[in-house]
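Here is protein-v9.json, consisting of JSON, N, CA and C atoms:
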[["chain", "number", "residue", "atom", "x", "y", "z"],
["L", 1, "MET", "N", 78.35, 101.98, 93.24],
["L", 1, "MET", "CA", 79.14, 102.69, 92.24],
["L", 1, "MET", "C", 80.22, 103.48, 92.98],
["L", 2, "THR", "N", 81.44, 103.39, 92.47],
["L", 2, "THR", "CA", 82.53, 104.16, 93.07],
["L", 2, "THR", "C", 82.55, 105.57, 92.49],
["L", 3, "THR", "N", 82.84, 106.54, 93.33],
["L", 3, "THR", "CA", 82.85, 107.93, 92.90],
["L", 3, "THR", "C", 84.16, 108.59, 93.29],
["L", 4, "ASN", "N", 84.82, 109.20, 92.32],
["L", 4, "ASN", "CA", 86.05, 109.96, 92.57],
["L", 4, "ASN", "C", 85.72, 111.44, 92.39],
["L", 5, "ILE", "N", 86.16, 112.26, 93.35],
["L", 5, "ILE", "CA", 85.87, 113.69, 93.28],
["L", 5, "ILE", "C", 87.17, 114.49, 93.34],
["L", 6, "GLN", "N", 87.28, 115.45, 92.42],
["L", 6, "GLN", "CA", 88.42, 116.37, 92.41],
["L", 6, "GLN", "C", 87.89, 117.79, 92.44],
["L", 7, "SER", "N", 88.58, 118.65, 93.18],
["L", 7, "SER", "CA", 88.25, 120.07, 93.15],
["L", 7, "SER", "C", 89.50, 120.82, 92.71],
["L", 8, "VAL", "N", 89.33, 121.65, 91.68],
["L", 8, "VAL", "CA", 90.45, 122.35, 91.08],
["L", 8, "VAL", "C", 90.34, 123.85, 91.40],
["L", 9, "HIS", "N", 91.42, 124.44, 91.86],
["L", 9, "HIS", "CA", 91.51, 125.86, 92.21],
["L", 9, "HIS", "C", 90.73, 126.24, 93.46],
["L", 10, "PHE", "N", 90.28, 125.25, 94.24],
["L", 10, "PHE", "CA", 89.62, 125.51, 95.53],
["L", 10, "PHE", "C", 89.56, 124.20, 96.31],
["L", 11, "ASP", "N", 89.26, 124.29, 97.61],
["L", 11, "ASP", "CA", 89.08, 123.11, 98.45],
["L", 11, "ASP", "C", 87.60, 122.91, 98.72],
["L", 12, "ALA", "N", 87.05, 121.80, 98.27],
["L", 12, "ALA", "CA", 85.63, 121.51, 98.46],
["L", 12, "ALA", "C", 85.38, 121.10, 99.91],
["L", 13, "ASP", "N", 84.32, 121.64, 100.50],
["L", 13, "ASP", "CA", 83.98, 121.26, 101.86],
["L", 13, "ASP", "C", 83.21, 119.93, 101.86],
["L", 14, "LYS", "N", 83.06, 119.35, 103.05],
["L", 14, "LYS", "CA", 82.41, 118.04, 103.17],
["L", 14, "LYS", "C", 80.97, 118.07, 102.68],
["L", 15, "LYS", "N", 80.28, 119.18, 102.90],
["L", 15, "LYS", "CA", 78.88, 119.30, 102.48],
["L", 15, "LYS", "C", 78.76, 119.22, 100.96],
["L", 16, "LEU", "N", 79.64, 119.91, 100.25],
["L", 16, "LEU", "CA", 79.61, 119.91, 98.79],
["L", 16, "LEU", "C", 79.95, 118.52, 98.25],
["L", 17, "ILE", "N", 80.94, 117.87, 98.85],
["L", 17, "ILE", "CA", 81.32, 116.52, 98.42],
["L", 17, "ILE", "C", 80.17, 115.54, 98.65],
["L", 18, "ALA", "N", 79.51, 115.66, 99.81],
["L", 18, "ALA", "CA", 78.38, 114.78, 100.10],
["L", 18, "ALA", "C", 77.23, 115.04, 99.13],
["L", 19, "PHE", "N", 76.97, 116.30, 98.81],
["L", 19, "PHE", "CA", 75.92, 116.67, 97.87],
["L", 19, "PHE", "C", 76.20, 116.05, 96.50],
["L", 20, "ALA", "N", 77.43, 116.21, 96.01],
["L", 20, "ALA", "CA", 77.80, 115.70, 94.68],
["L", 20, "ALA", "C", 77.70, 114.17, 94.65],
["L", 21, "THR", "N", 78.19, 113.52, 95.67],
["L", 21, "THR", "CA", 78.14, 112.06, 95.74],
["L", 21, "THR", "C", 76.70, 111.56, 95.75],
["L", 22, "GLU", "N", 75.86, 112.20, 96.55],
["L", 22, "GLU", "CA", 74.45, 111.79, 96.64],
["L", 22, "GLU", "C", 73.74, 111.96, 95.30],
["L", 23, "LYS", "N", 73.96, 113.10, 94.63],
["L", 23, "LYS", "CA", 73.30, 113.37, 93.34],
["L", 23, "LYS", "C", 73.70, 112.33, 92.30],
["L", 24, "VAL", "N", 74.99, 112.03, 92.23],
["L", 24, "VAL", "CA", 75.47, 111.08, 91.22],
["L", 24, "VAL", "C", 74.99, 109.67, 91.55],
["L", 25, "ASN", "N", 74.98, 109.30, 92.83],
["L", 25, "ASN", "CA", 74.52, 107.96, 93.21],
["L", 25, "ASN", "C", 73.04, 107.76, 92.91],
["L", 26, "LYS", "N", 72.26, 108.83, 92.91],
["L", 26, "LYS", "CA", 70.83, 108.71, 92.58],
["L", 26, "LYS", "C", 70.62, 108.28, 91.13],
["L", 27, "LEU", "N", 71.61, 108.50, 90.28],
["L", 27, "LEU", "CA", 71.50, 108.11, 88.88],
["L", 27, "LEU", "C", 71.43, 106.60, 88.72],
["L", 28, "THR", "N", 71.88, 105.85, 89.72],
["L", 28, "THR", "CA", 71.84, 104.38, 89.63],
["L", 28, "THR", "C", 70.40, 103.87, 89.66],
["L", 29, "THR", "N", 69.45, 104.70, 90.09],
["L", 29, "THR", "CA", 68.05, 104.27, 90.08],
["L", 29, "THR", "C", 67.52, 104.16, 88.65],
["L", 30, "PHE", "N", 68.17, 104.83, 87.70],
["L", 30, "PHE", "CA", 67.74, 104.80, 86.31],
["L", 30, "PHE", "C", 68.40, 103.68, 85.51],
["L", 31, "HIS", "N", 69.56, 103.21, 86.00],
["L", 31, "HIS", "CA", 70.28, 102.14, 85.29],
["L", 31, "HIS", "C", 71.20, 101.46, 86.29],
["L", 32, "ASP", "N", 71.07, 100.16, 86.42],
["L", 32, "ASP", "CA", 71.89, 99.44, 87.40],
["L", 32, "ASP", "C", 73.26, 99.06, 86.85],
["L", 33, "GLY", "N", 73.54, 99.38, 85.59],
["L", 33, "GLY", "CA", 74.82, 99.04, 84.98],
["L", 33, "GLY", "C", 75.87, 100.13, 85.11],
["L", 34, "LEU", "N", 75.63, 101.14, 85.95],
["L", 34, "LEU", "CA", 76.61, 102.20, 86.15],
["L", 34, "LEU", "C", 77.70, 101.69, 87.09],
["L", 35, "MET", "N", 78.96, 101.80, 86.63],
["L", 35, "MET", "CA", 80.05, 101.20, 87.40],
["L", 35, "MET", "C", 80.85, 102.21, 88.22],
["L", 36, "SER", "N", 81.20, 103.36, 87.64],
["L", 36, "SER", "CA", 81.99, 104.34, 88.38],
["L", 36, "SER", "C", 81.73, 105.74, 87.83],
["L", 37, "SER", "N", 82.08, 106.73, 88.64],
["L", 37, "SER", "CA", 81.90, 108.12, 88.22],
["L", 37, "SER", "C", 83.08, 108.96, 88.67],
["L", 38, "ASP", "N", 83.39, 109.95, 87.86],
["L", 38, "ASP", "CA", 84.41, 110.94, 88.18],
["L", 38, "ASP", "C", 83.75, 112.31, 88.16],
["L", 39, "ILE", "N", 83.91, 113.05, 89.24],
["L", 39, "ILE", "CA", 83.34, 114.40, 89.33],
["L", 39, "ILE", "C", 84.50, 115.38, 89.48],
["L", 40, "ILE", "N", 84.55, 116.36, 88.58],
["L", 40, "ILE", "CA", 85.57, 117.40, 88.67],
["L", 40, "ILE", "C", 84.85, 118.73, 88.83],
["L", 41, "MET", "N", 85.12, 119.40, 89.95],
["L", 41, "MET", "CA", 84.55, 120.72, 90.20],
["L", 41, "MET", "C", 85.70, 121.72, 90.07],
["L", 42, "ARG", "N", 85.45, 122.78, 89.30],
["L", 42, "ARG", "CA", 86.52, 123.71, 88.99],
["L", 42, "ARG", "C", 86.02, 125.14, 89.03],
["L", 43, "LEU", "N", 86.84, 126.02, 89.57],
["L", 43, "LEU", "CA", 86.56, 127.45, 89.51],
["L", 43, "LEU", "C", 87.17, 127.97, 88.22],
["L", 44, "ASP", "N", 86.35, 128.49, 87.34],
["L", 44, "ASP", "CA", 86.80, 129.02, 86.07],
["L", 44, "ASP", "C", 87.32, 130.44, 86.26],
["L", 45, "LYS", "N", 88.32, 130.80, 85.50],
["L", 45, "LYS", "CA", 88.82, 132.18, 85.55],
["L", 45, "LYS", "C", 87.95, 133.03, 84.65],
["L", 46, "SER", "N", 86.86, 133.53, 85.24],
["L", 46, "SER", "CA", 85.89, 134.30, 84.48],
["L", 46, "SER", "C", 85.53, 135.55, 85.25],
["L", 47, "SER", "N", 85.20, 136.60, 84.53],
["L", 47, "SER", "CA", 84.84, 137.86, 85.19],
["L", 47, "SER", "C", 83.39, 137.84, 85.67],
["L", 48, "THR", "N", 82.59, 136.89, 85.18],
["L", 48, "THR", "CA", 81.19, 136.80, 85.59],
["L", 48, "THR", "C", 81.06, 135.89, 86.81],
["L", 49, "SER", "N", 79.88, 135.89, 87.41],
["L", 49, "SER", "CA", 79.65, 135.05, 88.58],
["L", 49, "SER", "C", 79.39, 133.59, 88.20],
["L", 50, "ASP", "N", 79.14, 133.32, 86.92],
["L", 50, "ASP", "CA", 78.91, 131.95, 86.45],
["L", 50, "ASP", "C", 80.25, 131.24, 86.21],
["L", 51, "ASN", "N", 81.04, 131.09, 87.28],
["L", 51, "ASN", "CA", 82.38, 130.55, 87.10],
["L", 51, "ASN", "C", 82.58, 129.20, 87.80],
["L", 52, "LYS", "N", 81.49, 128.56, 88.22],
["L", 52, "LYS", "CA", 81.59, 127.25, 88.86],
["L", 52, "LYS", "C", 81.23, 126.17, 87.84],
["L", 53, "VAL", "N", 82.21, 125.32, 87.55],
["L", 53, "VAL", "CA", 82.05, 124.29, 86.53],
["L", 53, "VAL", "C", 82.04, 122.91, 87.18],
["L", 54, "ALA", "N", 81.10, 122.09, 86.76],
["L", 54, "ALA", "CA", 81.04, 120.69, 87.21],
["L", 54, "ALA", "C", 81.11, 119.80, 85.98],
["L", 55, "GLU", "N", 82.06, 118.88, 85.98],
["L", 55, "GLU", "CA", 82.19, 117.88, 84.92],
["L", 55, "GLU", "C", 81.97, 116.52, 85.56],
["L", 56, "ILE", "N", 81.07, 115.75, 84.98],
["L", 56, "ILE", "CA", 80.79, 114.42, 85.51],
["L", 56, "ILE", "C", 80.92, 113.40, 84.39],
["L", 57, "LYS", "N", 81.74, 112.39, 84.65],
["L", 57, "LYS", "CA", 81.92, 111.30, 83.69],
["L", 57, "LYS", "C", 81.49, 110.00, 84.37],
["L", 58, "ILE", "N", 80.63, 109.25, 83.71],
["L", 58, "ILE", "CA", 80.12, 108.00, 84.27],
["L", 58, "ILE", "C", 80.46, 106.86, 83.33],
["L", 59, "LEU", "N", 80.98, 105.79, 83.90],
["L", 59, "LEU", "CA", 81.27, 104.58, 83.14],
["L", 59, "LEU", "C", 80.09, 103.64, 83.30],
["L", 60, "ALA", "N", 79.41, 103.38, 82.20],
["L", 60, "ALA", "CA", 78.31, 102.41, 82.18],
["L", 60, "ALA", "C", 78.78, 101.21, 81.38],
["L", 61, "LYS", "N", 78.06, 100.12, 81.49],
["L", 61, "LYS", "CA", 78.44, 98.93, 80.72],
["L", 61, "LYS", "C", 78.39, 99.25, 79.24],
["L", 62, "GLY", "N", 79.56, 99.24, 78.61],
["L", 62, "GLY", "CA", 79.63, 99.45, 77.18],
["L", 62, "GLY", "C", 79.67, 100.90, 76.72],
["L", 63, "GLN", "N", 79.66, 101.85, 77.63],
["L", 63, "GLN", "CA", 79.65, 103.24, 77.20],
["L", 63, "GLN", "C", 80.15, 104.17, 78.31],
["L", 64, "GLU", "N", 80.67, 105.32, 77.87],
["L", 64, "GLU", "CA", 81.09, 106.36, 78.80],
["L", 64, "GLU", "C", 80.18, 107.58, 78.58],
["L", 65, "LEU", "N", 79.57, 108.06, 79.65],
["L", 65, "LEU", "CA", 78.66, 109.20, 79.58],
["L", 65, "LEU", "C", 79.33, 110.41, 80.22],
["L", 66, "PHE", "N", 79.11, 111.59, 79.63],
["L", 66, "PHE", "CA", 79.80, 112.79, 80.12],
["L", 66, "PHE", "C", 78.89, 114.01, 80.06],
["L", 67, "SER", "N", 79.01, 114.86, 81.06],
["L", 67, "SER", "CA", 78.28, 116.13, 81.06],
["L", 67, "SER", "C", 79.13, 117.18, 81.75],
["L", 68, "LYS", "N", 79.08, 118.39, 81.19],
["L", 68, "LYS", "CA", 79.82, 119.52, 81.76],
["L", 68, "LYS", "C", 78.88, 120.71, 81.80],
["L", 69, "LYS", "N", 78.68, 121.27, 82.97],
["L", 69, "LYS", "CA", 77.78, 122.41, 83.13],
["L", 69, "LYS", "C", 78.45, 123.49, 83.96],
["L", 70, "GLN", "N", 78.05, 124.73, 83.69],
["L", 70, "GLN", "CA", 78.63, 125.90, 84.36],
["L", 70, "GLN", "C", 77.51, 126.81, 84.84],
["L", 71, "SER", "N", 77.62, 127.27, 86.09],
["L", 71, "SER", "CA", 76.62, 128.18, 86.64],
["L", 71, "SER", "C", 77.23, 128.98, 87.79],
["L", 72, "SER", "N", 76.37, 129.66, 88.56],
["L", 72, "SER", "CA", 76.87, 130.53, 89.63],
["L", 72, "SER", "C", 77.13, 129.77, 90.94],
["L", 73, "SER", "N", 76.71, 128.50, 91.04],
["L", 73, "SER", "CA", 77.02, 127.70, 92.23],
["L", 73, "SER", "C", 77.35, 126.27, 91.81],
["L", 74, "PHE", "N", 78.18, 125.62, 92.62],
["L", 74, "PHE", "CA", 78.54, 124.23, 92.30],
["L", 74, "PHE", "C", 77.32, 123.32, 92.40],
["L", 75, "GLU", "N", 76.44, 123.59, 93.36],
["L", 75, "GLU", "CA", 75.25, 122.76, 93.51],
["L", 75, "GLU", "C", 74.39, 122.81, 92.25],
["L", 76, "GLU", "N", 74.21, 124.01, 91.70],
["L", 76, "GLU", "CA", 73.42, 124.16, 90.48],
["L", 76, "GLU", "C", 74.10, 123.48, 89.30],
["L", 77, "SER", "N", 75.41, 123.64, 89.19],
["L", 77, "SER", "CA", 76.16, 123.00, 88.11],
["L", 77, "SER", "C", 76.05, 121.48, 88.18],
["L", 78, "ILE", "N", 76.15, 120.94, 89.39],
["L", 78, "ILE", "CA", 76.04, 119.49, 89.58],
["L", 78, "ILE", "C", 74.63, 119.03, 89.23],
["L", 79, "ASP", "N", 73.62, 119.80, 89.69],
["L", 79, "ASP", "CA", 72.23, 119.48, 89.36],
["L", 79, "ASP", "C", 72.00, 119.42, 87.86],
["L", 80, "LEU", "N", 72.47, 120.44, 87.15],
["L", 80, "LEU", "CA", 72.29, 120.51, 85.70],
["L", 80, "LEU", "C", 73.01, 119.36, 84.99],
["L", 81, "ALA", "N", 74.23, 119.06, 85.44],
["L", 81, "ALA", "CA", 75.00, 117.97, 84.84],
["L", 81, "ALA", "C", 74.31, 116.63, 85.08],
["L", 82, "CYS", "N", 73.76, 116.44, 86.27],
["L", 82, "CYS", "CA", 73.06, 115.18, 86.58],
["L", 82, "CYS", "C", 71.78, 115.04, 85.76],
["L", 83, "GLU", "N", 71.08, 116.14, 85.53],
["L", 83, "GLU", "CA", 69.88, 116.09, 84.69],
["L", 83, "GLU", "C", 70.24, 115.68, 83.26],
["L", 84, "ALA", "N", 71.33, 116.25, 82.74],
["L", 84, "ALA", "CA", 71.78, 115.90, 81.40],
["L", 84, "ALA", "C", 72.19, 114.43, 81.34],
["L", 85, "LEU", "N", 72.86, 113.96, 82.39],
["L", 85, "LEU", "CA", 73.27, 112.55, 82.43],
["L", 85, "LEU", "C", 72.07, 111.62, 82.56],
["L", 86, "LYS", "N", 71.05, 112.06, 83.28],
["L", 86, "LYS", "CA", 69.83, 111.25, 83.41],
["L", 86, "LYS", "C", 69.23, 110.99, 82.04],
["L", 87, "THR", "N", 69.19, 112.03, 81.21],
["L", 87, "THR", "CA", 68.67, 111.90, 79.85],
["L", 87, "THR", "C", 69.54, 110.93, 79.03],
["L", 88, "GLN", "N", 70.85, 111.08, 79.16],
["L", 88, "GLN", "CA", 71.76, 110.19, 78.43],
["L", 88, "GLN", "C", 71.61, 108.74, 78.89],
["L", 89, "ILE", "N", 71.44, 108.54, 80.19],
["L", 89, "ILE", "CA", 71.28, 107.18, 80.73],
["L", 89, "ILE", "C", 70.01, 106.54, 80.19],
["L", 90, "LYS", "N", 68.92, 107.31, 80.18],
["L", 90, "LYS", "CA", 67.65, 106.78, 79.67],
["L", 90, "LYS", "C", 67.78, 106.40, 78.20],
["L", 91, "LYS", "N", 68.44, 107.25, 77.40],
["L", 91, "LYS", "CA", 68.64, 106.94, 75.98],
["L", 91, "LYS", "C", 69.51, 105.69, 75.82],
["L", 92, "HIS", "N", 70.56, 105.60, 76.62],
["L", 92, "HIS", "CA", 71.47, 104.46, 76.57],
["L", 92, "HIS", "C", 70.72, 103.18, 76.92],
["L", 93, "LYS", "N", 69.88, 103.24, 77.95],
["L", 93, "LYS", "CA", 69.12, 102.07, 78.38],
["L", 93, "LYS", "C", 68.11, 101.65, 77.32],
["L", 94, "GLU", "N", 67.41, 102.64, 76.72],
["L", 94, "GLU", "CA", 66.44, 102.34, 75.66],
["L", 94, "GLU", "C", 67.13, 101.72, 74.45],
["L", 95, "LYS", "N", 68.29, 102.25, 74.11],
["L", 95, "LYS", "CA", 69.05, 101.75, 72.96],
["L", 95, "LYS", "C", 69.44, 100.28, 73.17],
["L", 96, "HIS", "N", 69.91, 99.98, 74.40],
["L", 96, "HIS", "CA", 70.28, 98.59, 74.69],
["L", 96, "HIS", "C", 69.07, 97.68, 74.75],
["L", 97, "ALA", "N", 67.96, 98.16, 75.27],
["L", 97, "ALA", "CA", 66.73, 97.36, 75.32],
["L", 97, "ALA", "C", 66.23, 97.09, 73.91],
["L", 98, "GLY", "N", 66.31, 98.09, 73.04],
["L", 98, "GLY", "CA", 65.90, 97.93, 71.64],
["L", 98, "GLY", "C", 66.80, 96.97, 70.90],
["L", 99, "ALA", "N", 68.09, 97.02, 71.17],
["L", 99, "ALA", "CA", 69.04, 96.12, 70.51],
["L", 99, "ALA", "C", 68.80, 94.68, 70.93],
["L", 100, "LYS", "N", 68.48, 94.48, 72.21],
["L", 100, "LYS", "CA", 68.24, 93.10, 72.69],
["L", 100, "LYS", "C", 66.98, 92.52, 72.08],
["L", 101, "THR", "N", 65.91, 93.32, 72.01],
["L", 101, "THR", "CA", 64.66, 92.82, 71.44],
["L", 101, "THR", "C", 64.79, 92.64, 69.93],
["L", 102, "GLY", "N", 65.60, 93.45, 69.27],
["L", 102, "GLY", "CA", 65.80, 93.31, 67.84],
["L", 102, "GLY", "C", 66.52, 92.03, 67.48],
["L", 103, "LEU", "N", 67.40, 91.56, 68.35],
["L", 103, "LEU", "CA", 68.14, 90.33, 68.08],
["L", 103, "LEU", "C", 67.27, 89.10, 68.28],
["L", 104, "LYS", "N", 66.26, 89.18, 69.11],
["L", 104, "LYS", "CA", 65.41, 88.03, 69.38],
["L", 104, "LYS", "C", 64.61, 87.62, 68.14],
["L", 105, "GLY", "N", 64.33, 88.59, 67.28],
["L", 105, "GLY", "CA", 63.55, 88.29, 66.07],
["L", 105, "GLY", "C", 64.34, 87.56, 65.01],
["L", 106, "LEU", "N", 65.67, 87.48, 65.15],
["L", 106, "LEU", "CA", 66.51, 86.83, 64.14],
["L", 106, "LEU", "C", 66.49, 85.38, 64.29]]

Let me see the structure of the file written as structure tokens.
Amino acid sequence: MTTNIQSVHFDADKKLIAFATEKVNKLTTFHDGLMSSDIIMRLDKSSTSDNKVAEIKILAKGQELFSKKQSSSFEESIDLACEALKTQIKKHKEKHAGAKTGLKGL
């Protein structure tokens, strides 16, 4: 799966980029039809410490999955976004499996 990473309002270090890439690539273990991902990490203009935003968009066969999470660290935001995407991927996979088995009965 190809992964594009953007950092807005800051320069992401190699460790953060490697962490984000590894987390998103682990999602392929749940569905082999994932084709590409876009990760946008952004510093929000907020007075609180929860100003690190991670947006992850994944292109799967026949669908686009998206998650946006905000927390006090980019690692936590990426973790939360990947957990949300994992749930979406499982639902997407179940839906397609159900659709395939439903057509066989016709």

query: Where does DSSP see strand (DSSP E or B) in chain L, if you list the residues as an NGL selection string?
result: :L and (2-8 or 34-43 or 52-60 or 63-71)

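Here atom CA of Leu59 of chain L stands at a distance of 19.5 Å from atom C of Ala18 of chain L.
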
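The interatomic distance for the pair atom CA of Met35 of chain L and atom N of Ala60 of chain L works out to 5.7 Å.
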
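Counting from atom N of Gly98 of chain L, the distance to atom C of Thr29 of chain L is 16.8 Å.
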
message: Report as an MDAnalysis selection string all protein, DNA and RNA residues lying within 7 Å of Phe74 of chain L, evaluated on all atoms listed in the file, omitting residues in the same chain fewer than 6 positions from it.
response: chainID L and resid 52:54

- prompt: How would you write as a ChimeraX atom specification the residues that get within 8 Å of (80.9, 105.7, 82.4) in the file's frame, counting only N, CA and C atoms?
  reply: /L:33-38,56-66

Would you write out those residues with N, CA and C atoms, as a compact mmCIF listing (two decimals), in the coordinates of the input?
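Output file selection-v4.txt is given in full below:
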# COMPACT_ATOMS: atom_id res chain seq x y z
N GLY L 33 73.54 99.38 85.59
CA GLY L 33 74.82 99.04 84.98
C GLY L 33 75.87 100.13 85.11
N LEU L 34 75.63 101.14 85.95
CA LEU L 34 76.61 102.20 86.15
C LEU L 34 77.70 101.69 87.09
N MET L 35 78.96 101.80 86.63
CA MET L 35 80.05 101.20 87.40
C MET L 35 80.85 102.21 88.22
N SER L 36 81.20 103.36 87.64
CA SER L 36 81.99 104.34 88.38
C SER L 36 81.73 105.74 87.83
N SER L 37 82.08 106.73 88.64
CA SER L 37 81.90 108.12 88.22
C SER L 37 83.08 108.96 88.67
N ASP L 38 83.39 109.95 87.86
CA ASP L 38 84.41 110.94 88.18
C ASP L 38 83.75 112.31 88.16
N ILE L 56 81.07 115.75 84.98
CA ILE L 56 80.79 114.42 85.51
C ILE L 56 80.92 113.40 84.39
N LYS L 57 81.74 112.39 84.65
CA LYS L 57 81.92 111.30 83.69
C LYS L 57 81.49 110.00 84.37
N ILE L 58 80.63 109.25 83.71
CA ILE L 58 80.12 108.00 84.27
C ILE L 58 80.46 106.86 83.33
N LEU L 59 80.98 105.79 83.90
CA LEU L 59 81.27 104.58 83.14
C LEU L 59 80.09 103.64 83.30
N ALA L 60 79.41 103.38 82.20
CA ALA L 60 78.31 102.41 82.18
C ALA L 60 78.78 101.21 81.38
N LYS L 61 78.06 100.12 81.49
CA LYS L 61 78.44 98.93 80.72
C LYS L 61 78.39 99.25 79.24
N GLY L 62 79.56 99.24 78.61
CA GLY L 62 79.63 99.45 77.18
C GLY L 62 79.67 100.90 76.72
N GLN L 63 79.66 101.85 77.63
CA GLN L 63 79.65 103.24 77.20
C GLN L 63 80.15 104.17 78.31
N GLU L 64 80.67 105.32 77.87
CA GLU L 64 81.09 106.36 78.80
C GLU L 64 80.18 107.58 78.58
N LEU L 65 79.57 108.06 79.65
CA LEU L 65 78.66 109.20 79.58
C LEU L 65 79.33 110.41 80.22
N PHE L 66 79.11 111.59 79.63
CA PHE L 66 79.80 112.79 80.12
C PHE L 66 78.89 114.01 80.06

query: What's the 6.5 Å shell around Ile39 of chain L, counting all atoms listed in the file, without same-chain residues fewer than 5 positions away, as number ranges by chain?
result: L: 3-7, 55-57

message: Calculated over all atoms listed in the file, which of the candidates L:Phe10, L:Ser47, L:Lys68, L:Lys93 has the smallest distance to Ala81 of chain L?
response: L:Lys68
